[in-house]
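A short write-up of the structure that comes next.
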Amino acid sequence: MKKFTALVLACIMVSFIFTACSENKGSADQTQKTETAAAPEDEIDPRLLISDDLPVDDFGGYDFRILSHLPARYYIEEETGDIINDIVFARNRKIEERFNVNILCDAVPGIVEITTKARTAILANEDVHDLLVPHTITSIPTFITEKLLIDWNEVPRINFDKPWWNEAIIESTRIFGKQFLTASSLNNGMASAFAMLFNKNYIADYNFEDLYKVVTENRWTIDYMDNIIKQVPRDLNGDGIFNEDDQFGLVLNNDNTTLNFMYGFNHESVILGSDGYPIININNELVHNMIQKVYSLIYDDNKSFIGYYDVYNEKGTPMFRDGRAFIICGGTTSLIGFRDVEFEFGIIPYPKWNEQQDGYYTHMDASNGALCVPKTATNLTLIGTIVEALSAESYKMIIPVFYDQALGIKYARDEVTRSMLDIIYAGVMYDFGYIFDDWKGATWTFPFMIVAKTTDLASYYASKEKAILANYEKIFDAILSE
């Protein structure tokens, strides 16, 4: 069972965190002493007591260069008073003062540009970036097949046993002992996990059970969900046609929020066998049954509205905001986007396949990226030191503020929401296929078949198998020839 354990939080002192955020002057050691003295040891966030075990080093004002399409996670020019902005600023200043470096971000406008810019520099043998944070699906297969990355095992001072490293992605993507990508609190500290938001007015209007209770009692399954949302649809304008002007039980897109049902069912599309080679885990009876259930959930009885993929769910978001949708599929950061709506809403995980499933599961979108070291990097000791330190401080500083303030207190509507966030983040899983599928059709079986309006899994897989197997053969040939 793969758990995103780095995000299961201990109880923290909010006032203490704000004090830590404001400490931007003086040495890092003095800052730590001031923080420790602020409260008795038993009241201090246990995260702060975990040492990164890094030696004292002076890197002479080195410019540490990160390539990303999400620059605000890695570089902040100045404090603005926004809690997330300022904690990133404080984290960077702490590392810069401690190791005498300058943390910079080479920001690109989108995920494709990351692949192009990194690839061009590496193939030209130019050492222009120390750390890459690419979109996993768009970039990683290309980076590996073209041998553009350094194995993290070759980078000194990286300690994967520390809690800021994500054990799930490390276990899922280690190929014959080589680790070309990884994740830590540095890139996942402000990441959104897929989840569902629901309008609480519907609970009273339709005499539904408290969904929080249903979740905690492990009864939140695909069948339970189907049963309640089918009671909600209304043809509001009476034209006999159900579209975005009407009322639905569920709204979702035809891409990642549909895909996440598979992860909600704790199923991985591709797994690594005991011999280290990939096993396609799609063409079987269980997946066939899962697809039939999701197909019925979306298309039968006008229960659901499925729109085309876009970042903000262009049609579904206004429907939920206007109160014309009971449940919307999105992510944990959707809490922020809906903070100004007039009705009360809650957040819950995706449903289980059945009550026998051992927990609730989800995943994170590929846009959160993975941490990679370009082949042209020269100072691996420096890179390992700064990445380890940034990951550790993100674990200690960023996650508590983001989780408890941005999600748990500032935007959440009630205390029980925090417990739902615990459940959601604890169930984040990583799928080898999601990262390496390269859109060839194994991982994306759920949304591809739903869009095609078919449940004939055998025929679908037969049409995709050649491309799927060729893709993995290419990736593994590249790794074995290293």
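Residues are referred to by chain and number: the chain letter is A, B, ... according to the order shown in the structure tokens, the number counts from 1 in that chain, and ligands are numbered separately from 1 in the order shown.
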
Report task. Excluding Asn266 of chain A and residues on its chain fewer than 5 positions from it, collect all residues at most 9 Å away from it, counting only C-alpha atoms, and give them as a list in words. Result -> Met1, Phe261, Lys352, Trp353, Gln357, Asp358, Gly359, Tyr360, Tyr361, Thr362 and Met429 of chain A

Query - Neighbour list for Cys329 of chain A as an MDAnalysis selection string, cut-off 6 Å, only C-alpha atoms, skip fewer than 5 positions in-chain - result: chainID A and resid 196 252 257

Query raised in the report: Which residues come within 12 Å of Leu407 of chain A, counting only C-alpha atoms, excluding same-chain residues fewer than 6 positions away, as an MDAnalysis selection string?
Result: chainID A and resid 83:84 190:193 331:339 346:347 399:401 413:415 417:422 425

Could you write out that same residue set with N, CA, C and O atoms as a CSV table (one decimal), in the first residue's frame?
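What follows is the written file out.csv:
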```csv
chain,number,residue,atom,x,y,z
A,83,ILE,N,0.4,34.9,2.7
A,83,ILE,CA,1.1,33.9,3.5
A,83,ILE,C,1.9,32.9,2.8
A,83,ILE,O,3.0,32.5,3.2
A,84,ILE,N,1.4,32.4,1.6
A,84,ILE,CA,2.1,31.4,0.8
A,84,ILE,C,3.4,32.1,0.2
A,84,ILE,O,4.5,31.5,0.2
A,190,MET,N,3.0,22.2,-2.2
A,190,MET,CA,1.8,23.0,-2.4
A,190,MET,C,1.0,22.3,-3.5
A,190,MET,O,0.3,23.0,-4.3
A,191,ALA,N,1.1,21.0,-3.7
A,191,ALA,CA,0.5,20.3,-4.8
A,191,ALA,C,-1.0,20.0,-4.4
A,191,ALA,O,-1.4,19.8,-3.3
A,192,SER,N,-1.8,19.9,-5.5
A,192,SER,CA,-3.2,19.6,-5.3
A,192,SER,C,-3.4,18.1,-5.6
A,192,SER,O,-3.0,17.6,-6.6
A,193,ALA,N,-4.1,17.4,-4.7
A,193,ALA,CA,-4.5,16.0,-4.9
A,193,ALA,C,-5.9,16.0,-5.4
A,193,ALA,O,-6.8,16.8,-4.9
A,331,GLY,N,-9.7,19.2,-7.3
A,331,GLY,CA,-8.5,19.0,-6.5
A,331,GLY,C,-8.7,19.7,-5.1
A,331,GLY,O,-9.6,20.5,-4.9
A,332,THR,N,-7.7,19.4,-4.2
A,332,THR,CA,-7.8,20.0,-2.9
A,332,THR,C,-7.7,21.5,-3.0
A,332,THR,O,-8.3,22.2,-2.2
A,333,THR,N,-6.9,22.0,-3.9
A,333,THR,CA,-6.8,23.5,-4.0
A,333,THR,C,-8.1,24.1,-4.6
A,333,THR,O,-8.1,25.3,-4.6
A,334,SER,N,-9.0,23.3,-5.0
A,334,SER,CA,-10.3,23.9,-5.4
A,334,SER,C,-11.0,24.6,-4.2
A,334,SER,O,-11.8,25.4,-4.4
A,335,LEU,N,-10.6,24.2,-3.0
A,335,LEU,CA,-11.1,24.9,-1.8
A,335,LEU,C,-10.8,26.4,-1.9
A,335,LEU,O,-11.6,27.2,-1.5
A,336,ILE,N,-9.6,26.7,-2.5
A,336,ILE,CA,-9.3,28.1,-2.6
A,336,ILE,C,-10.1,28.8,-3.7
A,336,ILE,O,-10.6,29.9,-3.5
A,337,GLY,N,-10.3,28.1,-4.8
A,337,GLY,CA,-11.0,28.7,-5.9
A,337,GLY,C,-12.5,29.0,-5.6
A,337,GLY,O,-13.1,29.9,-6.2
A,338,PHE,N,-13.1,28.2,-4.7
A,338,PHE,CA,-14.5,28.4,-4.4
A,338,PHE,C,-14.8,29.1,-3.0
A,338,PHE,O,-15.9,29.1,-2.5
A,339,ARG,N,-13.7,29.8,-2.5
A,339,ARG,CA,-13.9,30.3,-1.2
A,339,ARG,C,-14.9,31.5,-1.1
A,339,ARG,O,-15.4,31.8,0.0
A,346,GLY,N,-18.3,21.1,1.1
A,346,GLY,CA,-17.3,20.2,1.8
A,346,GLY,C,-16.4,19.5,0.8
A,346,GLY,O,-16.6,19.6,-0.5
A,347,ILE,N,-15.4,18.8,1.3
A,347,ILE,CA,-14.5,18.1,0.4
A,347,ILE,C,-14.4,16.7,0.9
A,347,ILE,O,-14.3,16.4,2.1
A,399,ILE,N,4.7,23.1,4.0
A,399,ILE,CA,3.6,22.2,4.1
A,399,ILE,C,2.7,22.6,5.3
A,399,ILE,O,1.4,22.7,5.1
A,400,PRO,N,3.2,22.9,6.5
A,400,PRO,CA,2.3,23.2,7.6
A,400,PRO,C,1.5,24.5,7.2
A,400,PRO,O,0.3,24.6,7.5
A,401,VAL,N,2.1,25.5,6.6
A,401,VAL,CA,1.4,26.7,6.3
A,401,VAL,C,0.4,26.5,5.2
A,401,VAL,O,-0.8,26.9,5.3
A,413,ARG,N,-14.3,25.4,5.4
A,413,ARG,CA,-15.5,25.9,6.0
A,413,ARG,C,-15.8,25.3,7.4
A,413,ARG,O,-16.6,25.9,8.1
A,414,ASP,N,-15.2,24.2,7.8
A,414,ASP,CA,-15.4,23.6,9.1
A,414,ASP,C,-14.2,22.7,9.4
A,414,ASP,O,-13.4,22.3,8.6
A,415,GLU,N,-14.2,22.4,10.7
A,415,GLU,CA,-13.0,21.7,11.2
A,415,GLU,C,-12.9,20.3,10.6
A,415,GLU,O,-11.8,19.7,10.5
A,417,THR,N,-13.3,19.3,7.8
A,417,THR,CA,-12.6,19.4,6.5
A,417,THR,C,-11.2,19.0,6.6
A,417,THR,O,-10.6,18.3,5.7
A,418,ARG,N,-10.6,19.4,7.7
A,418,ARG,CA,-9.1,19.1,7.9
A,418,ARG,C,-9.0,17.5,8.0
A,418,ARG,O,-8.0,17.0,7.4
A,419,SER,N,-9.9,16.8,8.6
A,419,SER,CA,-9.7,15.4,8.7
A,419,SER,C,-9.9,14.8,7.3
A,419,SER,O,-9.3,13.7,7.0
A,420,MET,N,-10.8,15.4,6.4
A,420,MET,CA,-10.9,14.9,5.1
A,420,MET,C,-9.7,15.1,4.3
A,420,MET,O,-9.2,14.2,3.5
A,421,LEU,N,-9.0,16.2,4.5
A,421,LEU,CA,-7.7,16.5,3.8
A,421,LEU,C,-6.7,15.4,4.3
A,421,LEU,O,-5.9,15.0,3.4
A,422,ASP,N,-6.7,15.1,5.5
A,422,ASP,CA,-5.8,14.0,6.0
A,422,ASP,C,-6.0,12.7,5.2
A,422,ASP,O,-5.0,12.1,4.8
A,425,TYR,N,-4.8,13.3,1.4
A,425,TYR,CA,-3.4,13.3,1.1
A,425,TYR,C,-2.7,12.0,1.6
A,425,TYR,O,-1.7,11.6,1.0
```

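Atom CA of Asp161 of chain A to atom CA of Ile66 of chain A spans 23.6 Å [interatomic distance, one decimal].
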
Using only C-alpha atoms, find each residue in segment 124-199 of chain A having at least one atom no more than 12 Å away from segment 472-481 of chain A; report its shortest atom-to-atom pair and that distance in Å (one decimal), rows by chain then rising number, as a tab-separated table.
```
residue	atom	partner	partner_atom	distance
A:Ile140	CA	A:Ile475	CA	10.1
A:Pro141	CA	A:Ile475	CA	6.9
A:Thr142	CA	A:Ile475	CA	8.8
A:Phe143	CA	A:Ile475	CA	9.9
A:Ile144	CA	A:Ile475	CA	6.8
A:Thr145	CA	A:Ala478	CA	5.2
A:Glu146	CA	A:Ala478	CA	7.4
A:Lys147	CA	A:Ala478	CA	7.1
A:Leu148	CA	A:Ala478	CA	10.7
A:Leu149	CA	A:Ile479	CA	10.8
A:Ile150	CA	A:Ile479	CA	11.5
A:Asp151	CA	A:Ile479	CA	10.6
A:Arg174	CA	A:Ile479	CA	11.1
A:Ile175	CA	A:Ile479	CA	7.9
A:Phe176	CA	A:Leu480	CA	8.4
A:Gly177	CA	A:Ile479	CA	10.5
A:Lys178	CA	A:Ile479	CA	8.5
A:Gln179	CA	A:Ile479	CA	10.6
A:Phe180	CA	A:Ile479	CA	9.9
```

Let's have the selection written as a PDB file, in the first residue's frame, with N, CA, C and O atoms.
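Generated output (selection.pdb):
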```pdb
ATOM      1  N   ILE A 140       9.245  13.341 -19.081  1.00  0.00           N
ATOM      2  CA  ILE A 140      10.076  12.255 -18.550  1.00  0.00           C
ATOM      3  C   ILE A 140      10.391  11.162 -19.565  1.00  0.00           C
ATOM      4  O   ILE A 140      11.561  10.759 -19.701  1.00  0.00           O
ATOM      5  N   PRO A 141       9.414  10.628 -20.314  1.00  0.00           N
ATOM      6  CA  PRO A 141       9.777   9.587 -21.289  1.00  0.00           C
ATOM      7  C   PRO A 141      10.834  10.057 -22.287  1.00  0.00           C
ATOM      8  O   PRO A 141      11.775   9.308 -22.607  1.00  0.00           O
ATOM      9  N   THR A 142      10.712  11.302 -22.754  1.00  0.00           N
ATOM     10  CA  THR A 142      11.703  11.848 -23.687  1.00  0.00           C
ATOM     11  C   THR A 142      13.064  11.978 -23.016  1.00  0.00           C
ATOM     12  O   THR A 142      14.097  11.597 -23.584  1.00  0.00           O
ATOM     13  N   PHE A 143      13.094  12.516 -21.819  1.00  0.00           N
ATOM     14  CA  PHE A 143      14.357  12.703 -21.115  1.00  0.00           C
ATOM     15  C   PHE A 143      15.077  11.373 -20.890  1.00  0.00           C
ATOM     16  O   PHE A 143      16.308  11.301 -20.963  1.00  0.00           O
ATOM     17  N   ILE A 144      14.320  10.315 -20.611  1.00  0.00           N
ATOM     18  CA  ILE A 144      14.943   9.023 -20.326  1.00  0.00           C
ATOM     19  C   ILE A 144      15.392   8.320 -21.604  1.00  0.00           C
ATOM     20  O   ILE A 144      16.503   7.791 -21.677  1.00  0.00           O
ATOM     21  N   THR A 145      14.538   8.311 -22.613  1.00  0.00           N
ATOM     22  CA  THR A 145      14.920   7.620 -23.851  1.00  0.00           C
ATOM     23  C   THR A 145      16.100   8.302 -24.548  1.00  0.00           C
ATOM     24  O   THR A 145      16.881   7.644 -25.223  1.00  0.00           O
ATOM     25  N   GLU A 146      16.251   9.606 -24.332  1.00  0.00           N
ATOM     26  CA  GLU A 146      17.385  10.324 -24.926  1.00  0.00           C
ATOM     27  C   GLU A 146      18.554  10.451 -23.954  1.00  0.00           C
ATOM     28  O   GLU A 146      19.545  11.123 -24.247  1.00  0.00           O
ATOM     29  N   LYS A 147      18.420   9.811 -22.773  1.00  0.00           N
ATOM     30  CA  LYS A 147      19.500   9.739 -21.794  1.00  0.00           C
ATOM     31  C   LYS A 147      19.986  11.130 -21.381  1.00  0.00           C
ATOM     32  O   LYS A 147      21.182  11.429 -21.403  1.00  0.00           O
ATOM     33  N   LEU A 148      19.054  11.948 -20.974  1.00  0.00           N
ATOM     34  CA  LEU A 148      19.355  13.345 -20.644  1.00  0.00           C
ATOM     35  C   LEU A 148      19.470  13.601 -19.138  1.00  0.00           C
ATOM     36  O   LEU A 148      19.753  14.728 -18.729  1.00  0.00           O
ATOM     37  N   LEU A 149      19.276  12.561 -18.311  1.00  0.00           N
ATOM     38  CA  LEU A 149      19.217  12.764 -16.873  1.00  0.00           C
ATOM     39  C   LEU A 149      20.287  11.980 -16.121  1.00  0.00           C
ATOM     40  O   LEU A 149      20.766  10.947 -16.592  1.00  0.00           O
ATOM     41  N   ILE A 150      20.607  12.469 -14.942  1.00  0.00           N
ATOM     42  CA  ILE A 150      21.533  11.798 -14.033  1.00  0.00           C
ATOM     43  C   ILE A 150      20.729  10.987 -13.018  1.00  0.00           C
ATOM     44  O   ILE A 150      19.696  11.446 -12.518  1.00  0.00           O
ATOM     45  N   ASP A 151      21.196   9.803 -12.722  1.00  0.00           N
ATOM     46  CA  ASP A 151      20.587   8.955 -11.701  1.00  0.00           C
ATOM     47  C   ASP A 151      20.755   9.638 -10.345  1.00  0.00           C
ATOM     48  O   ASP A 151      21.865  10.004  -9.944  1.00  0.00           O
ATOM     49  N   ARG A 174      11.554   3.371  -9.642  1.00  0.00           N
ATOM     50  CA  ARG A 174      12.931   2.885  -9.625  1.00  0.00           C
ATOM     51  C   ARG A 174      13.061   1.750 -10.626  1.00  0.00           C
ATOM     52  O   ARG A 174      12.433   0.695 -10.490  1.00  0.00           O
ATOM     53  N   ILE A 175      13.859   1.951 -11.647  1.00  0.00           N
ATOM     54  CA  ILE A 175      13.990   0.973 -12.726  1.00  0.00           C
ATOM     55  C   ILE A 175      15.372   0.340 -12.678  1.00  0.00           C
ATOM     56  O   ILE A 175      16.385   1.009 -12.898  1.00  0.00           O
ATOM     57  N   PHE A 176      15.409  -0.934 -12.364  1.00  0.00           N
ATOM     58  CA  PHE A 176      16.673  -1.659 -12.238  1.00  0.00           C
ATOM     59  C   PHE A 176      17.649  -0.908 -11.333  1.00  0.00           C
ATOM     60  O   PHE A 176      18.844  -0.797 -11.629  1.00  0.00           O
ATOM     61  N   GLY A 177      17.119  -0.359 -10.251  1.00  0.00           N
ATOM     62  CA  GLY A 177      17.952   0.326  -9.268  1.00  0.00           C
ATOM     63  C   GLY A 177      18.255   1.768  -9.584  1.00  0.00           C
ATOM     64  O   GLY A 177      18.852   2.470  -8.761  1.00  0.00           O
ATOM     65  N   LYS A 178      17.841   2.242 -10.757  1.00  0.00           N
ATOM     66  CA  LYS A 178      18.143   3.615 -11.158  1.00  0.00           C
ATOM     67  C   LYS A 178      16.941   4.536 -10.886  1.00  0.00           C
ATOM     68  O   LYS A 178      15.802   4.152 -11.104  1.00  0.00           O
ATOM     69  N   GLN A 179      17.257   5.733 -10.407  1.00  0.00           N
ATOM     70  CA  GLN A 179      16.227   6.690 -10.012  1.00  0.00           C
ATOM     71  C   GLN A 179      16.445   7.998 -10.783  1.00  0.00           C
ATOM     72  O   GLN A 179      17.180   8.878 -10.364  1.00  0.00           O
ATOM     73  N   PHE A 180      15.785   8.106 -11.933  1.00  0.00           N
ATOM     74  CA  PHE A 180      15.974   9.291 -12.759  1.00  0.00           C
ATOM     75  C   PHE A 180      15.023  10.433 -12.389  1.00  0.00           C
ATOM     76  O   PHE A 180      15.216  11.558 -12.839  1.00  0.00           O
TER      77      PHE A 180
END
```

Long-range neighbours of Val270 of chain A as a tab-separated table (two decimals) with all heavy atoms, in the first residue's frame, 12 Å cut-off, only C-alpha atoms, 4 positions minimum in chain:
```tsv
chain	number	residue	atom	x	y	z
A	172	SER	N	7.82	3.41	-6.99
A	172	SER	CA	7.09	3.13	-8.23
A	172	SER	C	7.91	3.38	-9.48
A	172	SER	O	7.58	2.86	-10.55
A	172	SER	CB	5.82	3.99	-8.29
A	172	SER	OG	4.94	3.66	-7.23
A	173	THR	N	8.96	4.20	-9.39
A	173	THR	CA	9.68	4.60	-10.61
A	173	THR	C	11.14	4.17	-10.61
A	173	THR	O	11.89	4.58	-11.49
A	173	THR	CB	9.60	6.13	-10.80
A	173	THR	OG1	10.20	6.78	-9.66
A	173	THR	CG2	8.16	6.58	-10.93
A	263	TYR	N	-7.66	5.44	-9.93
A	263	TYR	CA	-6.81	5.54	-8.75
A	263	TYR	C	-7.63	5.49	-7.47
A	263	TYR	O	-7.18	4.95	-6.45
A	263	TYR	CB	-5.94	6.79	-8.83
A	263	TYR	CG	-5.00	6.74	-10.01
A	263	TYR	CD1	-4.98	7.75	-10.97
A	263	TYR	CD2	-4.16	5.65	-10.19
A	263	TYR	CE1	-4.13	7.68	-12.06
A	263	TYR	CE2	-3.31	5.56	-11.28
A	263	TYR	CZ	-3.30	6.58	-12.22
A	263	TYR	OH	-2.47	6.50	-13.30
A	276	GLY	N	11.62	-6.78	-12.74
A	276	GLY	CA	11.91	-5.38	-13.01
A	276	GLY	C	11.27	-4.83	-14.27
A	276	GLY	O	11.35	-3.63	-14.53
A	277	TYR	N	10.61	-5.67	-15.05
A	277	TYR	CA	9.99	-5.23	-16.29
A	277	TYR	C	8.51	-4.87	-16.06
A	277	TYR	O	7.87	-5.41	-15.15
A	277	TYR	CB	10.12	-6.31	-17.36
A	277	TYR	CG	11.51	-6.43	-17.93
A	277	TYR	CD1	12.42	-7.33	-17.40
A	277	TYR	CD2	11.91	-5.63	-19.00
A	277	TYR	CE1	13.71	-7.43	-17.91
A	277	TYR	CE2	13.19	-5.73	-19.52
A	277	TYR	CZ	14.09	-6.63	-18.97
A	277	TYR	OH	15.37	-6.72	-19.48
A	278	PRO	N	7.96	-4.01	-16.89
A	278	PRO	CA	6.58	-3.56	-16.69
A	278	PRO	C	5.55	-4.62	-17.07
A	278	PRO	O	5.73	-5.37	-18.03
A	278	PRO	CB	6.47	-2.34	-17.61
A	278	PRO	CG	7.48	-2.58	-18.68
A	278	PRO	CD	8.61	-3.30	-18.02
A	279	ILE	N	4.48	-4.65	-16.29
A	279	ILE	CA	3.33	-5.50	-16.57
A	279	ILE	C	2.13	-4.59	-16.80
A	279	ILE	O	1.78	-3.80	-15.93
A	279	ILE	CB	3.05	-6.46	-15.40
A	279	ILE	CG1	4.24	-7.38	-15.14
A	279	ILE	CG2	1.78	-7.27	-15.66
A	279	ILE	CD1	4.11	-8.20	-13.87
A	280	ILE	N	1.51	-4.71	-17.96
A	280	ILE	CA	0.33	-3.90	-18.26
A	280	ILE	C	-0.85	-4.47	-17.49
A	280	ILE	O	-1.24	-5.63	-17.69
A	280	ILE	CB	0.03	-3.87	-19.77
A	280	ILE	CG1	1.31	-3.55	-20.56
A	280	ILE	CG2	-1.06	-2.86	-20.07
A	280	ILE	CD1	1.97	-2.25	-20.20
A	281	ASN	N	-1.43	-3.66	-16.61
A	281	ASN	CA	-2.43	-4.13	-15.67
A	281	ASN	C	-3.82	-3.58	-16.03
A	281	ASN	O	-4.54	-3.08	-15.17
A	281	ASN	CB	-2.02	-3.68	-14.25
A	281	ASN	CG	-2.83	-4.33	-13.16
A	281	ASN	OD1	-3.33	-5.44	-13.33
A	281	ASN	ND2	-2.97	-3.65	-12.03
A	282	ILE	N	-4.17	-3.69	-17.28
A	282	ILE	CA	-5.40	-3.07	-17.79
A	282	ILE	C	-6.39	-4.09	-18.37
A	282	ILE	O	-7.58	-4.06	-18.05
A	282	ILE	CB	-5.08	-2.00	-18.85
A	282	ILE	CG1	-4.48	-0.76	-18.16
A	282	ILE	CG2	-6.31	-1.61	-19.64
A	282	ILE	CD1	-5.44	-0.04	-17.24
A	283	ASN	N	-5.93	-4.97	-19.20
A	283	ASN	CA	-6.84	-5.86	-19.93
A	283	ASN	C	-7.24	-7.05	-19.07
A	283	ASN	O	-6.80	-8.18	-19.26
A	283	ASN	CB	-6.17	-6.34	-21.23
A	283	ASN	CG	-7.17	-7.05	-22.14
A	283	ASN	OD1	-8.37	-6.80	-22.08
A	283	ASN	ND2	-6.66	-7.93	-22.99
A	430	TYR	N	1.21	6.69	-6.68
A	430	TYR	CA	1.89	6.95	-7.95
A	430	TYR	C	1.83	5.70	-8.80
A	430	TYR	O	2.03	4.59	-8.32
A	430	TYR	CB	3.33	7.38	-7.71
A	430	TYR	CG	3.45	8.81	-7.24
A	430	TYR	CD1	3.39	9.12	-5.89
A	430	TYR	CD2	3.60	9.85	-8.15
A	430	TYR	CE1	3.47	10.43	-5.46
A	430	TYR	CE2	3.70	11.16	-7.73
A	430	TYR	CZ	3.63	11.45	-6.39
A	430	TYR	OH	3.71	12.74	-5.95
A	431	ASP	N	1.56	5.92	-10.06
A	431	ASP	CA	1.41	4.84	-11.03
A	431	ASP	C	2.55	4.94	-12.04
A	431	ASP	O	2.71	5.97	-12.71
A	431	ASP	CB	0.04	4.98	-11.71
A	431	ASP	CG	-0.24	3.93	-12.77
A	431	ASP	OD1	0.56	2.98	-12.89
A	431	ASP	OD2	-1.25	4.06	-13.47
A	432	PHE	N	3.33	3.88	-12.15
A	432	PHE	CA	4.42	3.84	-13.13
A	432	PHE	C	3.89	4.19	-14.52
A	432	PHE	O	4.51	4.95	-15.27
A	432	PHE	CB	5.07	2.46	-13.14
A	432	PHE	CG	6.28	2.35	-14.03
A	432	PHE	CD1	7.54	2.61	-13.52
A	432	PHE	CD2	6.15	1.99	-15.35
A	432	PHE	CE1	8.66	2.51	-14.34
A	432	PHE	CE2	7.26	1.89	-16.19
A	432	PHE	CZ	8.52	2.15	-15.67
A	433	GLY	N	2.72	3.65	-14.85
A	433	GLY	CA	2.15	3.90	-16.16
A	433	GLY	C	1.78	5.36	-16.38
A	433	GLY	O	1.95	5.89	-17.49
A	434	TYR	N	1.28	6.03	-15.35
A	434	TYR	CA	0.88	7.43	-15.50
A	434	TYR	C	2.06	8.28	-15.94
A	434	TYR	O	1.92	9.18	-16.77
A	434	TYR	CB	0.34	7.94	-14.16
A	434	TYR	CG	-0.14	9.37	-14.19
A	434	TYR	CD1	-1.31	9.73	-14.84
A	434	TYR	CD2	0.58	10.37	-13.55
A	434	TYR	CE1	-1.75	11.04	-14.86
A	434	TYR	CE2	0.15	11.69	-13.56
A	434	TYR	CZ	-1.02	12.02	-14.22
A	434	TYR	OH	-1.44	13.32	-14.23
A	435	ILE	N	3.23	7.98	-15.41
A	435	ILE	CA	4.42	8.77	-15.73
A	435	ILE	C	5.03	8.37	-17.07
A	435	ILE	O	5.43	9.21	-17.86
A	435	ILE	CB	5.46	8.63	-14.61
A	435	ILE	CG1	4.90	9.24	-13.31
A	435	ILE	CG2	6.79	9.28	-14.99
A	435	ILE	CD1	5.74	8.98	-12.09
A	436	PHE	N	5.04	7.07	-17.36
A	436	PHE	CA	5.78	6.59	-18.52
A	436	PHE	C	4.90	6.20	-19.71
A	436	PHE	O	5.41	5.80	-20.76
A	436	PHE	CB	6.66	5.39	-18.13
A	436	PHE	CG	7.80	5.77	-17.22
A	436	PHE	CD1	7.72	5.56	-15.86
A	436	PHE	CD2	8.94	6.34	-17.74
A	436	PHE	CE1	8.76	5.90	-15.01
A	436	PHE	CE2	10.00	6.70	-16.91
A	436	PHE	CZ	9.90	6.49	-15.54
A	437	ASP	N	3.60	6.29	-19.56
A	437	ASP	CA	2.71	5.86	-20.64
A	437	ASP	C	2.86	6.69	-21.91
A	437	ASP	O	2.62	6.21	-23.01
A	437	ASP	CB	1.25	5.94	-20.15
A	437	ASP	CG	0.28	5.29	-21.10
A	437	ASP	OD1	0.42	4.09	-21.35
A	437	ASP	OD2	-0.60	5.99	-21.60
A	441	GLY	N	-1.92	4.96	-24.18
A	441	GLY	CA	-3.23	4.34	-24.06
A	441	GLY	C	-3.45	3.34	-22.95
A	441	GLY	O	-4.56	2.88	-22.76
A	442	ALA	N	-2.41	2.95	-22.20
A	442	ALA	CA	-2.62	2.02	-21.10
A	442	ALA	C	-3.25	2.75	-19.92
A	442	ALA	O	-4.37	2.46	-19.50
A	442	ALA	CB	-1.30	1.37	-20.68
A	443	THR	N	-2.56	3.75	-19.42
A	443	THR	CA	-3.04	4.52	-18.28
A	443	THR	C	-4.34	5.23	-18.59
A	443	THR	O	-5.24	5.32	-17.74
A	443	THR	CB	-1.98	5.54	-17.85
A	443	THR	OG1	-0.80	4.85	-17.48
A	443	THR	CG2	-2.48	6.39	-16.69
A	444	TRP	N	-4.47	5.72	-19.79
A	444	TRP	CA	-5.60	6.58	-20.13
A	444	TRP	C	-6.80	5.81	-20.67
A	444	TRP	O	-7.68	6.36	-21.31
A	444	TRP	CB	-5.15	7.66	-21.12
A	444	TRP	CG	-4.12	8.53	-20.46
A	444	TRP	CD1	-2.77	8.34	-20.42
A	444	TRP	CD2	-4.39	9.68	-19.65
A	444	TRP	NE1	-2.17	9.30	-19.66
A	444	TRP	CE2	-3.14	10.14	-19.17
A	444	TRP	CE3	-5.55	10.36	-19.29
A	444	TRP	CZ2	-3.03	11.26	-18.35
A	444	TRP	CZ3	-5.43	11.47	-18.48
A	444	TRP	CH2	-4.18	11.92	-18.02
A	445	THR	N	-6.83	4.52	-20.36
A	445	THR	CA	-7.94	3.68	-20.81
A	445	THR	C	-9.29	4.22	-20.33
A	445	THR	O	-10.24	4.32	-21.12
A	445	THR	CB	-7.75	2.24	-20.29
A	445	THR	OG1	-6.55	1.69	-20.87
A	445	THR	CG2	-8.94	1.37	-20.67
A	468	ILE	N	1.46	0.50	-26.96
A	468	ILE	CA	1.79	0.47	-25.54
A	468	ILE	C	3.09	-0.30	-25.30
A	468	ILE	O	4.01	0.17	-24.63
A	468	ILE	CB	0.64	-0.17	-24.73
A	468	ILE	CG1	-0.58	0.75	-24.73
A	468	ILE	CG2	1.08	-0.46	-23.30
A	468	ILE	CD1	-1.83	0.09	-24.18
A	469	LEU	N	3.19	-1.51	-25.86
A	469	LEU	CA	4.36	-2.35	-25.65
A	469	LEU	C	5.61	-1.75	-26.30
A	469	LEU	O	6.71	-1.81	-25.73
A	469	LEU	CB	4.10	-3.74	-26.20
A	469	LEU	CG	2.97	-4.53	-25.50
A	469	LEU	CD1	2.78	-5.89	-26.14
A	469	LEU	CD2	3.25	-4.67	-24.01
A	472	TYR	N	7.09	1.01	-23.99
A	472	TYR	CA	7.87	0.53	-22.85
A	472	TYR	C	9.15	-0.17	-23.27
A	472	TYR	O	10.17	-0.10	-22.57
A	472	TYR	CB	6.99	-0.37	-21.97
A	472	TYR	CG	6.01	0.45	-21.17
A	472	TYR	CD1	4.67	0.53	-21.54
A	472	TYR	CD2	6.45	1.20	-20.09
A	472	TYR	CE1	3.79	1.32	-20.84
A	472	TYR	CE2	5.57	1.99	-19.37
A	472	TYR	CZ	4.24	2.06	-19.75
A	472	TYR	OH	3.37	2.85	-19.05
```

Dump as a tab-separated table the rows for residues of segment 114-196 of chain A within 9 Å of segment 392-397 of chain A: closest atom pair and distance in Å with one decimal, only C-alpha atoms counted, ordered by chain and rising residue number.
```
residue	atom	partner	partner_atom	distance
A:Lys162	CA	A:Ala392	CA	8.3
A:Pro163	CA	A:Tyr395	CA	8.0
A:Trp164	CA	A:Tyr395	CA	5.6
A:Trp165	CA	A:Ala392	CA	8.6
A:Ser184	CA	A:Tyr395	CA	8.3
A:Ser185	CA	A:Tyr395	CA	5.3
A:Leu186	CA	A:Ser394	CA	5.4
A:Asn187	CA	A:Ser394	CA	8.7
A:Gly189	CA	A:Ser394	CA	6.4
```
